[in-house]
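Visitor: So here's my_file.txt, just compact mmCIF, C-alpha atoms:
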# COMPACT_ATOMS: atom_id res chain seq x y z
CA MET V 1 38.42 116.01 -66.93
CA CYS V 2 38.08 119.54 -65.80
CA GLN V 3 41.01 120.55 -67.98
CA SER V 4 39.51 118.89 -71.07
CA GLU V 5 36.15 120.54 -70.38
CA ALA V 6 37.94 123.83 -69.88
CA ARG V 7 39.69 123.39 -73.21
CA ARG V 8 36.45 122.33 -74.90
CA GLY V 9 34.62 125.35 -73.50
CA PRO V 10 36.51 127.98 -75.54
CA GLU V 11 36.27 125.73 -78.61
CA LEU V 12 32.48 125.47 -78.27
CA SER V 13 32.12 129.19 -77.73
CA ALA V 14 34.36 129.87 -80.75
CA ALA V 15 32.30 127.46 -82.85
CA LYS V 16 29.11 129.23 -81.78
CA TRP V 17 30.69 132.59 -82.62
CA LEU V 18 31.75 131.32 -86.05
CA HIS V 19 28.39 129.76 -86.89
CA PHE V 20 26.22 132.57 -85.62
CA PRO V 21 27.04 135.04 -88.45
CA GLN V 22 26.39 132.31 -91.03
CA LEU V 23 23.03 131.54 -89.44
CA ALA V 24 22.18 135.24 -89.33
CA LEU V 25 23.28 135.68 -92.93
CA ARG V 26 21.18 132.72 -94.04
CA ARG V 27 18.15 134.24 -92.37
CA ARG V 28 18.91 137.59 -94.00
CA LEU V 29 19.29 135.98 -97.41
CA GLY V 30 16.02 134.15 -96.87
CA GLN V 31 14.38 137.52 -96.31
CA LEU V 32 16.00 138.85 -99.48
CA SER V 33 14.69 135.92 -101.51
CA CYS V 34 11.13 136.91 -100.55
CA MET V 35 11.57 140.45 -101.86
CA SER V 36 10.33 141.66 -105.22
CA ARG V 37 12.89 141.56 -108.03
CA PRO V 38 13.51 145.36 -108.15
CA ALA V 39 13.93 145.50 -104.37
CA LEU V 40 16.25 142.49 -104.43
CA LYS V 41 18.38 144.14 -107.12
CA LEU V 42 18.58 147.32 -105.07
CA ARG V 43 19.64 145.50 -101.91
CA SER V 44 22.20 143.18 -103.53
CA TRP V 45 23.74 145.79 -105.86
CA PRO V 46 26.03 147.44 -103.21
CA LEU V 47 27.37 144.03 -102.14
CA THR V 48 28.06 143.14 -105.75
CA VAL V 49 30.01 146.36 -106.32
CA LEU V 50 32.09 145.65 -103.21
CA TYR V 51 32.60 142.06 -104.38
CA TYR V 52 34.28 143.23 -107.59
CA LEU V 53 36.15 146.19 -106.08
CA LEU V 54 37.59 144.70 -102.90
CA PRO V 55 40.69 142.45 -102.96
CA PHE V 56 40.09 138.91 -104.17
CA GLY V 57 38.36 136.73 -101.61
CA ALA V 58 37.35 139.52 -99.24
CA LEU V 59 33.67 138.64 -99.53
CA ARG V 60 34.16 134.94 -100.15
CA PRO V 61 32.48 133.96 -96.83
CA LEU V 62 29.19 135.25 -98.26
CA SER V 63 29.25 132.54 -100.92
CA ARG V 64 29.23 129.89 -98.17
CA VAL V 65 25.81 131.03 -97.04
CA GLY V 66 24.23 131.02 -100.49
CA TRP V 67 24.87 134.58 -101.75
CA ARG V 68 25.97 135.01 -105.35
CA PRO V 69 27.09 138.30 -106.89
CA VAL V 70 25.28 139.76 -109.86
CA SER V 71 27.26 139.07 -113.03
CA ARG V 72 29.48 141.82 -114.37
CA VAL V 73 27.30 142.04 -117.49
CA ALA V 74 24.10 142.43 -115.44
CA LEU V 75 25.86 144.97 -113.23
CA TYR V 76 26.95 146.99 -116.25
CA LYS V 77 23.47 146.82 -117.79
CA SER V 78 22.02 148.32 -114.60
CA VAL V 79 24.07 151.50 -115.04
CA PRO V 80 21.77 154.35 -116.23
CA THR V 81 23.67 154.91 -119.47
CA ARG V 82 20.77 156.72 -121.17
CA LEU V 83 20.56 159.26 -118.35
CA LEU V 84 24.34 159.72 -118.37
CA SER V 85 24.31 160.14 -122.15
CA ARG V 86 21.58 162.80 -122.01
CA ALA V 87 23.56 164.64 -119.34
CA TRP V 88 26.68 164.39 -121.51
CA GLY V 89 24.72 165.69 -124.50
CA ARG V 90 23.60 168.73 -122.53
CA LEU V 91 27.13 169.31 -121.27
CA ASN V 92 28.35 169.24 -124.87
CA GLN V 93 26.03 172.16 -125.68
CA VAL V 94 27.47 174.41 -122.98
CA GLU V 95 29.50 177.21 -124.56
CA LEU V 96 33.08 177.22 -123.32
CA PRO V 97 34.83 180.49 -122.44
CA HIS V 98 37.20 181.58 -125.18
CA TRP V 99 40.28 181.09 -122.98
CA LEU V 100 39.26 177.54 -122.01
CA ARG V 101 38.69 176.15 -125.50
CA ARG V 102 42.29 175.52 -126.50
CA PRO V 103 43.31 173.60 -123.32
CA VAL V 104 40.12 171.49 -123.31
CA TYR V 105 40.27 170.58 -127.00
CA SER V 106 44.05 170.08 -126.88
CA LEU V 107 43.61 167.53 -124.09
CA TYR V 108 41.00 165.67 -126.15
CA ILE V 109 43.23 165.79 -129.26
CA TRP V 110 46.19 164.42 -127.28
CA THR V 111 44.12 161.70 -125.59
CA PHE V 112 42.42 160.31 -128.72
CA GLY V 113 44.96 161.20 -131.41
CA VAL V 114 42.78 163.59 -133.42
CA ASN V 115 44.35 164.93 -136.64
CA MET V 116 43.26 168.56 -136.76
CA LYS V 117 45.17 169.18 -139.99
CA GLU V 118 42.29 167.45 -141.78
CA ALA V 119 39.64 169.69 -140.20
CA ALA V 120 38.01 172.35 -142.35
CA VAL V 121 38.65 174.81 -139.49
CA GLU V 122 41.89 174.13 -137.60
CA ASP V 123 41.54 177.04 -135.17
CA LEU V 124 40.37 175.53 -131.86
CA HIS V 125 38.85 178.82 -130.73
CA HIS V 126 36.31 178.52 -133.55
CA TYR V 127 34.43 175.68 -131.81
CA ARG V 128 32.11 177.15 -129.20
CA ASN V 129 31.33 173.88 -127.43
CA LEU V 130 32.30 170.21 -127.39
CA SER V 131 29.42 169.28 -129.68
CA GLU V 132 30.69 171.55 -132.46
CA PHE V 133 34.17 170.12 -132.01
CA PHE V 134 32.94 166.50 -132.23
CA ARG V 135 30.95 167.28 -135.39
CA ARG V 136 33.74 169.20 -137.12
CA LYS V 137 33.80 169.03 -140.91
CA LEU V 138 36.80 167.94 -142.96
CA LYS V 139 38.60 169.65 -145.81
CA PRO V 140 37.19 168.54 -149.19
CA GLN V 141 40.48 166.92 -150.24
CA ALA V 142 40.97 165.09 -146.92
CA ARG V 143 38.76 162.13 -147.94
CA PRO V 144 38.73 161.42 -151.68
CA VAL V 145 35.89 159.07 -152.62
CA CYS V 146 36.98 155.91 -154.45
CA GLY V 147 35.10 155.72 -157.74
CA LEU V 148 36.36 152.30 -158.85
CA HIS V 149 34.56 150.23 -156.21
CA SER V 150 30.81 149.85 -155.78
CA VAL V 151 30.77 150.15 -151.95
CA ILE V 152 32.94 152.53 -149.94
CA SER V 153 33.39 153.05 -146.22
CA PRO V 154 30.68 155.42 -144.92
CA SER V 155 32.91 156.66 -142.09
CA ASP V 156 36.30 156.60 -140.46
CA GLY V 157 36.77 153.71 -138.06
CA LYS V 158 37.95 150.18 -137.43
CA ILE V 159 36.63 147.10 -139.23
CA LEU V 160 35.24 144.74 -136.59
CA SER V 161 33.80 142.09 -138.90
CA PHE V 162 32.61 141.51 -142.47
CA GLY V 163 31.51 138.73 -144.78
CA GLN V 164 28.42 136.73 -145.76
CA VAL V 165 25.44 136.48 -143.44
CA LYS V 166 25.01 132.80 -142.57
CA ASN V 167 21.93 131.31 -140.87
CA SER V 168 20.60 134.83 -140.27
CA GLU V 169 23.36 135.42 -137.71
CA VAL V 170 25.58 138.49 -138.06
CA GLU V 171 29.05 138.62 -136.52
CA GLN V 172 29.38 141.35 -133.90
CA VAL V 173 33.08 140.69 -133.44
CA LYS V 174 34.98 137.48 -134.21
CA GLY V 175 33.19 134.59 -132.50
CA VAL V 176 30.23 136.65 -131.17
CA THR V 177 27.04 136.85 -133.23
CA TYR V 178 23.57 138.37 -133.01
CA SER V 179 20.24 137.66 -134.67
CA LEU V 180 19.58 139.49 -137.94
CA GLU V 181 15.85 139.55 -137.22
CA SER V 182 16.36 141.02 -133.74
CA PHE V 183 18.67 143.66 -135.15
CA LEU V 184 16.58 144.83 -138.13
CA GLY V 185 13.13 143.88 -136.90
CA PRO V 186 10.42 142.49 -139.22
CA ARG V 187 10.78 143.94 -142.67
CA ALA V 188 8.00 146.00 -144.25
CA SER V 189 8.37 147.63 -147.64
CA PRO V 190 6.56 150.93 -148.25
CA GLY V 191 3.33 150.25 -150.09
CA ASP V 192 3.58 146.51 -149.51
CA PRO V 193 2.22 144.43 -146.64
CA PRO V 194 4.74 143.35 -143.98
CA PHE V 195 6.54 140.10 -144.54
CA PRO V 196 4.92 137.14 -142.79
CA PRO V 197 6.63 135.91 -139.62
CA ALA V 198 9.74 133.92 -140.37
CA THR V 199 9.44 130.21 -139.61
CA SER V 200 13.20 129.80 -139.32
CA HIS V 201 16.38 131.83 -139.29
CA SER V 202 17.14 131.04 -142.95
CA SER V 203 13.64 132.12 -144.07
CA PHE V 204 14.15 135.59 -142.59
CA ARG V 205 17.40 135.92 -144.53
CA ASN V 206 15.54 134.81 -147.66
CA GLN V 207 13.02 137.62 -147.13
CA LEU V 208 15.83 140.15 -147.58
CA VAL V 209 17.43 138.53 -150.62
CA THR V 210 15.20 139.66 -153.48
CA ARG V 211 17.11 138.32 -156.49
CA GLU V 212 18.04 134.78 -157.38
CA GLY V 213 21.75 134.01 -157.16
CA ASN V 214 22.47 136.83 -154.69
CA GLU V 215 23.91 136.57 -151.18
CA LEU V 216 23.51 138.72 -148.06
CA TYR V 217 26.63 140.51 -146.80
CA HIS V 218 27.50 142.57 -143.73
CA CYS V 219 30.22 144.94 -142.54
CA VAL V 220 30.65 146.44 -139.06
CA ILE V 221 32.67 149.65 -138.57
CA TYR V 222 33.51 150.98 -135.10
CA LEU V 223 34.03 154.74 -134.73
CA ALA V 224 36.39 155.61 -131.87
CA PRO V 225 36.02 158.92 -129.98
CA GLY V 226 38.90 160.42 -131.95
CA ASP V 227 37.48 159.56 -135.36
CA TYR V 228 35.61 161.82 -137.76
CA HIS V 229 32.02 161.63 -136.45
CA CYS V 230 29.98 162.18 -139.63
CA PHE V 231 28.91 159.31 -141.86
CA HIS V 232 28.14 159.28 -145.56
CA SER V 233 26.34 157.22 -148.17
CA PRO V 234 28.41 154.09 -148.94
CA THR V 235 26.98 153.68 -152.46
CA ASP V 236 24.34 154.95 -154.86
CA TRP V 237 21.03 153.83 -153.37
CA THR V 238 17.51 154.93 -152.46
CA VAL V 239 16.39 155.12 -148.81
CA SER V 240 12.73 154.18 -148.53
CA HIS V 241 12.24 153.42 -144.84
CA ARG V 242 13.54 154.35 -141.38
CA ARG V 243 13.09 152.28 -138.25
CA HIS V 244 14.15 153.72 -134.89
CA PHE V 245 14.77 151.33 -132.00
CA PRO V 246 14.98 153.13 -128.64
CA GLY V 247 17.17 151.13 -126.30
CA SER V 248 20.19 151.08 -124.05
CA LEU V 249 23.28 153.14 -124.69
CA MET V 250 26.05 150.79 -123.66
CA SER V 251 29.59 151.18 -124.89
CA VAL V 252 30.22 149.56 -128.29
CA ASN V 253 34.02 149.39 -128.17
CA PRO V 254 35.44 146.04 -129.38
CA GLY V 255 36.15 144.82 -125.85
CA MET V 256 32.55 145.38 -124.79
CA ALA V 257 31.27 143.82 -128.03
CA ARG V 258 33.14 140.61 -127.11
CA TRP V 259 31.71 140.72 -123.60
CA ILE V 260 27.98 141.33 -124.18
CA LYS V 261 26.13 139.08 -126.58
CA GLU V 262 23.73 140.83 -128.98
CA LEU V 263 25.02 144.21 -127.79
CA PHE V 264 23.90 145.92 -131.00
CA CYS V 265 20.37 144.55 -130.51
CA HIS V 266 20.19 146.04 -127.00
CA ASN V 267 21.43 149.50 -127.97
CA GLU V 268 19.47 152.34 -129.51
CA ARG V 269 19.81 152.34 -133.29
CA VAL V 270 18.45 153.88 -136.46
CA VAL V 271 17.95 151.46 -139.36
CA LEU V 272 17.75 152.93 -142.87
CA THR V 273 16.60 150.46 -145.52
CA GLY V 274 16.14 150.72 -149.26
CA ASP V 275 17.49 149.38 -152.51
CA TRP V 276 20.57 149.67 -154.67
CA LYS V 277 21.29 148.26 -158.10
CA HIS V 278 21.72 144.73 -156.73
CA GLY V 279 18.69 144.62 -154.41
CA PHE V 280 18.26 145.16 -150.67
CA PHE V 281 20.55 147.65 -148.89
CA SER V 282 20.59 148.91 -145.30
CA LEU V 283 22.72 151.17 -143.12
CA THR V 284 22.27 151.13 -139.34
CA ALA V 285 23.68 153.77 -137.00
CA VAL V 286 24.09 152.21 -133.53
CA GLY V 287 24.13 154.50 -130.50
CA ALA V 288 26.54 154.16 -127.59
CA THR V 289 27.35 155.59 -124.18
CA ASN V 290 27.69 159.40 -124.28
CA VAL V 291 26.27 159.58 -127.80
CA GLY V 292 23.80 162.35 -127.07
CA SER V 293 22.02 161.86 -130.38
CA ILE V 294 22.05 160.19 -133.79
CA ARG V 295 21.18 162.63 -136.53
CA ILE V 296 20.03 161.83 -140.08
CA TYR V 297 20.23 165.00 -142.16
CA PHE V 298 17.13 164.42 -144.28
CA ASP V 299 15.00 163.11 -141.38
CA ARG V 300 13.75 165.99 -139.23
CA ASP V 301 11.22 163.79 -137.42
CA LEU V 302 13.88 161.59 -135.87
CA HIS V 303 14.50 162.18 -132.14
CA THR V 304 16.89 159.84 -130.37
CA ASN V 305 17.81 159.28 -126.70
CA SER V 306 14.36 160.23 -125.39
CA PRO V 307 13.79 160.03 -121.61
CA ARG V 308 11.12 157.32 -121.87
CA TYR V 309 10.67 154.35 -124.15
CA SER V 310 9.12 150.88 -124.14
CA LYS V 311 11.64 148.06 -124.19
CA GLY V 312 11.56 146.21 -127.51
CA SER V 313 9.50 148.90 -129.24
CA TYR V 314 10.38 150.63 -132.50
CA ASN V 315 9.06 153.49 -134.62
CA ASP V 316 8.65 153.25 -138.39
CA PHE V 317 8.71 156.08 -140.89
CA SER V 318 8.35 155.82 -144.67
CA PHE V 319 10.04 158.22 -147.06
CA VAL V 320 7.80 157.02 -149.90
CA THR V 321 4.84 159.37 -150.30
CA HIS V 322 2.34 160.30 -152.99
CA ALA V 323 4.58 163.21 -153.95
CA ASN V 324 7.77 161.12 -153.76
CA LYS V 325 7.17 157.52 -154.80
CA GLU V 326 10.85 156.63 -155.01
CA GLY V 327 12.15 157.61 -151.56
CA ILE V 328 15.35 159.55 -150.80
CA PRO V 329 18.05 159.11 -153.47
CA MET V 330 21.59 159.08 -152.07
CA ARG V 331 24.78 159.42 -154.07
CA LYS V 332 27.97 157.63 -153.06
CA GLY V 333 29.90 159.84 -150.62
CA GLU V 334 27.00 162.20 -149.95
CA HIS V 335 26.56 163.44 -146.35
CA LEU V 336 24.06 161.21 -144.54
CA GLY V 337 24.25 161.85 -140.79
CA GLU V 338 26.38 162.24 -137.69
CA PHE V 339 27.02 161.02 -134.15
CA ASN V 340 27.79 163.26 -131.21
CA LEU V 341 30.55 160.85 -130.21
CA GLY V 342 32.07 157.61 -131.52
CA SER V 343 29.75 154.69 -132.23
CA THR V 344 29.15 151.96 -134.83
CA ILE V 345 27.88 151.65 -138.41
CA VAL V 346 26.49 148.31 -139.62
CA LEU V 347 25.94 147.68 -143.34
CA ILE V 348 23.76 144.76 -144.43
CA PHE V 349 23.16 144.41 -148.14
CA GLU V 350 22.38 142.07 -150.97
CA ALA V 351 24.89 141.49 -153.76
CA PRO V 352 25.87 138.84 -156.33
CA LYS V 353 27.97 135.89 -155.20
CA ASP V 354 31.12 137.30 -156.77
CA PHE V 355 31.12 140.37 -154.48
CA ASN V 356 34.50 140.63 -152.74
CA PHE V 357 35.53 142.66 -149.71
CA LYS V 358 38.86 144.49 -149.90
CA LEU V 359 39.35 144.36 -146.13
CA LYS V 360 41.09 142.72 -143.20
CA ALA V 361 39.46 142.34 -139.78
CA GLY V 362 40.82 144.91 -137.35
CA GLN V 363 42.18 147.28 -139.97
CA LYS V 364 41.69 151.04 -139.76
CA ILE V 365 39.70 152.57 -142.57
CA ARG V 366 38.69 156.07 -143.60
CA PHE V 367 35.59 157.43 -145.22
CA GLY V 368 35.78 157.10 -149.02
CA GLU V 369 38.07 154.08 -149.07
CA ALA V 370 36.92 150.87 -150.75
CA LEU V 371 34.97 148.23 -148.82
CA GLY V 372 34.38 145.90 -151.76
CA SER V 373 33.22 145.45 -155.32
CA LEU V 374 32.20 142.91 -157.91
Let me see the structure of the file written as structure tokens.
Guide:
Amino acid sequence: MCQSEARRGPELSAAKWLHFPQLALRRRLGQLSCMSRPALKLRSWPLTVLYYLLPFGALRPLSRVGWRPVSRVALYKSVPTRLLSRAWGRLNQVELPHWLRRPVYSLYIWTFGVNMKEAAVEDLHHYRNLSEFFRRKLKPQARPVCGLHSVISPSDGKILSFGQVKNSEVEQVKGVTYSLESFLGPRASPGDPPFPPATSHSSFRNQLVTREGNELYHCVIYLAPGDYHCFHSPTDWTVSHRRHFPGSLMSVNPGMARWIKELFCHNERVVLTGDWKHGFFSLTAVGATNVGSIRIYFDRDLHTNSPRYSKGSYNDFSFVTHANKEGIPMRKGEHLGEFNLGSTIVLIFEAPKDFNFKLKAGQKIRFGEALGSL
């Protein structure tokens, strides 16, 4: 009897020792649940980081007492990408010593496969800082503009998706979509009242299609860090309106686009809308991590990546004035704007039903090459 009690004694003490941390953790988690949401995020964030960094199962005991890690997407969204991008933008403006330019730029060229033979100025010492190097111009003959097709690629990059817009959902990458209305915002034509609120997804699409028998098409082009960073007019059209959405600056590489739903709707973007010979036409420049700014050459009032903004807000600007009732005419291939680092261009436009894309998903494309034609 004494022996059994003696054996039971260590077992009971061990059980108490094992259950005590769980009880303490439950109490602690109960305290956390009473905290405000920002405080709770702050307190659980370090544990979440450890959960994903430590070897598998290291923090599994925490799940037994009711703790759940923040999702990887939520964790990534909490990273101050706008602050990091502004810091990167300022770093890009720092003039490099003459002796340091070649090794720094050579490392970048080697890492991202930049073809400097296409650059208007091949001498690396010419570029005083990283920003000038990113925004380097090309030789005139490096990108001949295709004259046979009605729509050309506005930039170098990779085709992520293309095709008809169905049910007002645009494909971000294959199998992942986002809302057309969330991406463009409510449409308002200069001089005309805003469109009434859409009662369904299809009705918003119908607001953009202005001519009977036409369809709405889209094309998404991803610019990698090693690509040519300027973008051009993809066709002959007139820009009448600009809408700037301040927002996050998350990475827009294809892997991230598959991971985060409606990524392009979360990120900062500049939407240019107008008309071409077949009706509605828009080009949207989407910002990304380390893109210090999005610049539109004819729009001096545009300022991106500001320190403060209201979530979900946007700023409208009309290029139609009493002096200029048409807007800004753009010729196919004309310089339109630039990124400070790789990002994404989204084209959404109206065209007849017999419009055909000359593309394959995932293919590399260069500015001036054909996207599609009638």
Visitor: Near Ser306 of chain V, within 12 Å and counting all atoms listed in the file, which residues show up once chain neighbours fewer than 2 positions away are dropped, as a list in words?
Guide: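 Once the adjacent positions are removed, what remains is Arg82, Leu83, Ser85, Arg86, Ala87, Gly89, His244, Phe245, Pro246, Gly247, Ser248, Leu249, Glu268, Gly292, Ser293, Ile294, Leu302, His303, Thr304, Arg308, Tyr309 and Ser310 of chain V.
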Visitor: Distance atom CA of Pro154 of chain V-atom CA of Val104 of chain V, one decimal place?
Guide: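 For atom CA of Pro154 of chain V relative to atom CA of Val104 of chain V, the distance reads 28.5 Å.
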Visitor: Leaving out Arg211 of chain V and any residue of its chain fewer than 6 positions from it, which residues lie within 10 Å of it when counting all atoms listed in the file, given as an MDAnalysis selection string?
Guide: chainID V and resid 278:280 350:352
Visitor: Would you pick out the contacts of Lys137 of chain V at 9 Å or less, using all atoms listed in the file, so that residues sharing its chain but fewer than 4 positions from it are not included, and give the list as a PDB file with C-alpha atoms, keeping the file's coordinate frame?
Guide:
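Result file follows (part21.pdb):
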ATOM      1  CA  GLU V 118      42.290 167.450-141.780  1.00  0.00           C
ATOM      2  CA  ALA V 119      39.640 169.690-140.200  1.00  0.00           C
ATOM      3  CA  ALA V 120      38.010 172.350-142.350  1.00  0.00           C
ATOM      4  CA  VAL V 121      38.650 174.810-139.490  1.00  0.00           C
ATOM      5  CA  PHE V 133      34.170 170.120-132.010  1.00  0.00           C
ATOM      6  CA  TYR V 228      35.610 161.820-137.760  1.00  0.00           C
ATOM      7  CA  HIS V 229      32.020 161.630-136.450  1.00  0.00           C
ATOM      8  CA  CYS V 230      29.980 162.180-139.630  1.00  0.00           C
TER       9      CYS V 230
END
Visitor: Please report the interatomic distance between atom CA of Gly255 of chain V and atom CA of Ile348 of chain V in Å with one decimal.
Guide: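 Calculated distance between atom CA of Gly255 of chain V and atom CA of Ile348 of chain V is 22.3 Å.
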Visitor: Complete segment 216-225 of chain V with all heavy atoms (output as a compact mmCIF listing (two decimals), in the frame of the given file).
Guide:
# COMPACT_ATOMS: atom_id res chain seq x y z
N LEU V 216 23.64 137.61 -149.01
CA LEU V 216 23.51 138.72 -148.06
C LEU V 216 24.86 138.93 -147.39
O LEU V 216 25.47 137.96 -146.89
CB LEU V 216 22.43 138.42 -147.03
CG LEU V 216 21.80 139.61 -146.30
CD1 LEU V 216 21.08 140.53 -147.29
CD2 LEU V 216 20.82 139.13 -145.24
N TYR V 217 25.33 140.19 -147.36
CA TYR V 217 26.63 140.51 -146.80
C TYR V 217 26.48 141.52 -145.66
O TYR V 217 25.47 142.23 -145.57
CB TYR V 217 27.55 141.09 -147.88
CG TYR V 217 27.84 140.14 -149.01
CD1 TYR V 217 26.99 140.07 -150.12
CD2 TYR V 217 28.96 139.32 -148.99
CE1 TYR V 217 27.25 139.20 -151.16
CE2 TYR V 217 29.23 138.44 -150.03
CZ TYR V 217 28.37 138.39 -151.12
OH TYR V 217 28.64 137.52 -152.15
N HIS V 218 27.51 141.59 -144.82
CA HIS V 218 27.50 142.57 -143.73
C HIS V 218 28.90 143.13 -143.52
O HIS V 218 29.91 142.50 -143.89
CB HIS V 218 27.01 141.91 -142.43
CG HIS V 218 28.07 141.12 -141.72
ND1 HIS V 218 28.40 139.83 -142.09
CD2 HIS V 218 28.88 141.44 -140.68
CE1 HIS V 218 29.37 139.39 -141.30
NE2 HIS V 218 29.68 140.34 -140.44
N CYS V 219 28.94 144.31 -142.92
CA CYS V 219 30.22 144.94 -142.54
C CYS V 219 29.96 145.83 -141.33
O CYS V 219 29.01 146.62 -141.32
CB CYS V 219 30.78 145.76 -143.70
SG CYS V 219 32.39 146.51 -143.33
N VAL V 220 30.80 145.69 -140.30
CA VAL V 220 30.65 146.44 -139.06
C VAL V 220 31.86 147.35 -138.88
O VAL V 220 33.01 146.88 -138.89
CB VAL V 220 30.52 145.51 -137.84
CG1 VAL V 220 30.32 146.31 -136.56
CG2 VAL V 220 29.36 144.54 -138.03
N ILE V 221 31.60 148.66 -138.72
CA ILE V 221 32.67 149.65 -138.57
C ILE V 221 32.50 150.37 -137.24
O ILE V 221 31.45 150.95 -136.97
CB ILE V 221 32.64 150.68 -139.72
CG1 ILE V 221 32.69 149.96 -141.07
CG2 ILE V 221 33.78 151.68 -139.60
CD1 ILE V 221 32.40 150.86 -142.25
N TYR V 222 33.53 150.32 -136.41
CA TYR V 222 33.51 150.98 -135.10
C TYR V 222 34.19 152.33 -135.19
O TYR V 222 35.34 152.45 -135.64
CB TYR V 222 34.21 150.11 -134.07
CG TYR V 222 34.52 150.83 -132.77
CD1 TYR V 222 33.49 151.23 -131.92
CD2 TYR V 222 35.83 151.11 -132.41
CE1 TYR V 222 33.78 151.91 -130.74
CE2 TYR V 222 36.12 151.77 -131.23
CZ TYR V 222 35.09 152.17 -130.41
OH TYR V 222 35.38 152.84 -129.24
N LEU V 223 33.48 153.39 -134.76
CA LEU V 223 34.03 154.74 -134.73
C LEU V 223 34.52 155.04 -133.32
O LEU V 223 33.74 155.06 -132.37
CB LEU V 223 32.97 155.78 -135.12
CG LEU V 223 32.52 155.88 -136.57
CD1 LEU V 223 31.63 154.70 -136.96
CD2 LEU V 223 31.77 157.18 -136.81
N ALA V 224 35.81 155.26 -133.17
CA ALA V 224 36.39 155.61 -131.87
C ALA V 224 36.13 157.10 -131.59
O ALA V 224 35.83 157.87 -132.50
CB ALA V 224 37.89 155.32 -131.88
N PRO V 225 36.28 157.51 -130.32
CA PRO V 225 36.02 158.92 -129.98
C PRO V 225 36.86 159.91 -130.77
O PRO V 225 36.44 161.04 -130.99
CB PRO V 225 36.34 158.98 -128.49
CG PRO V 225 36.07 157.60 -127.99
CD PRO V 225 36.48 156.69 -129.12
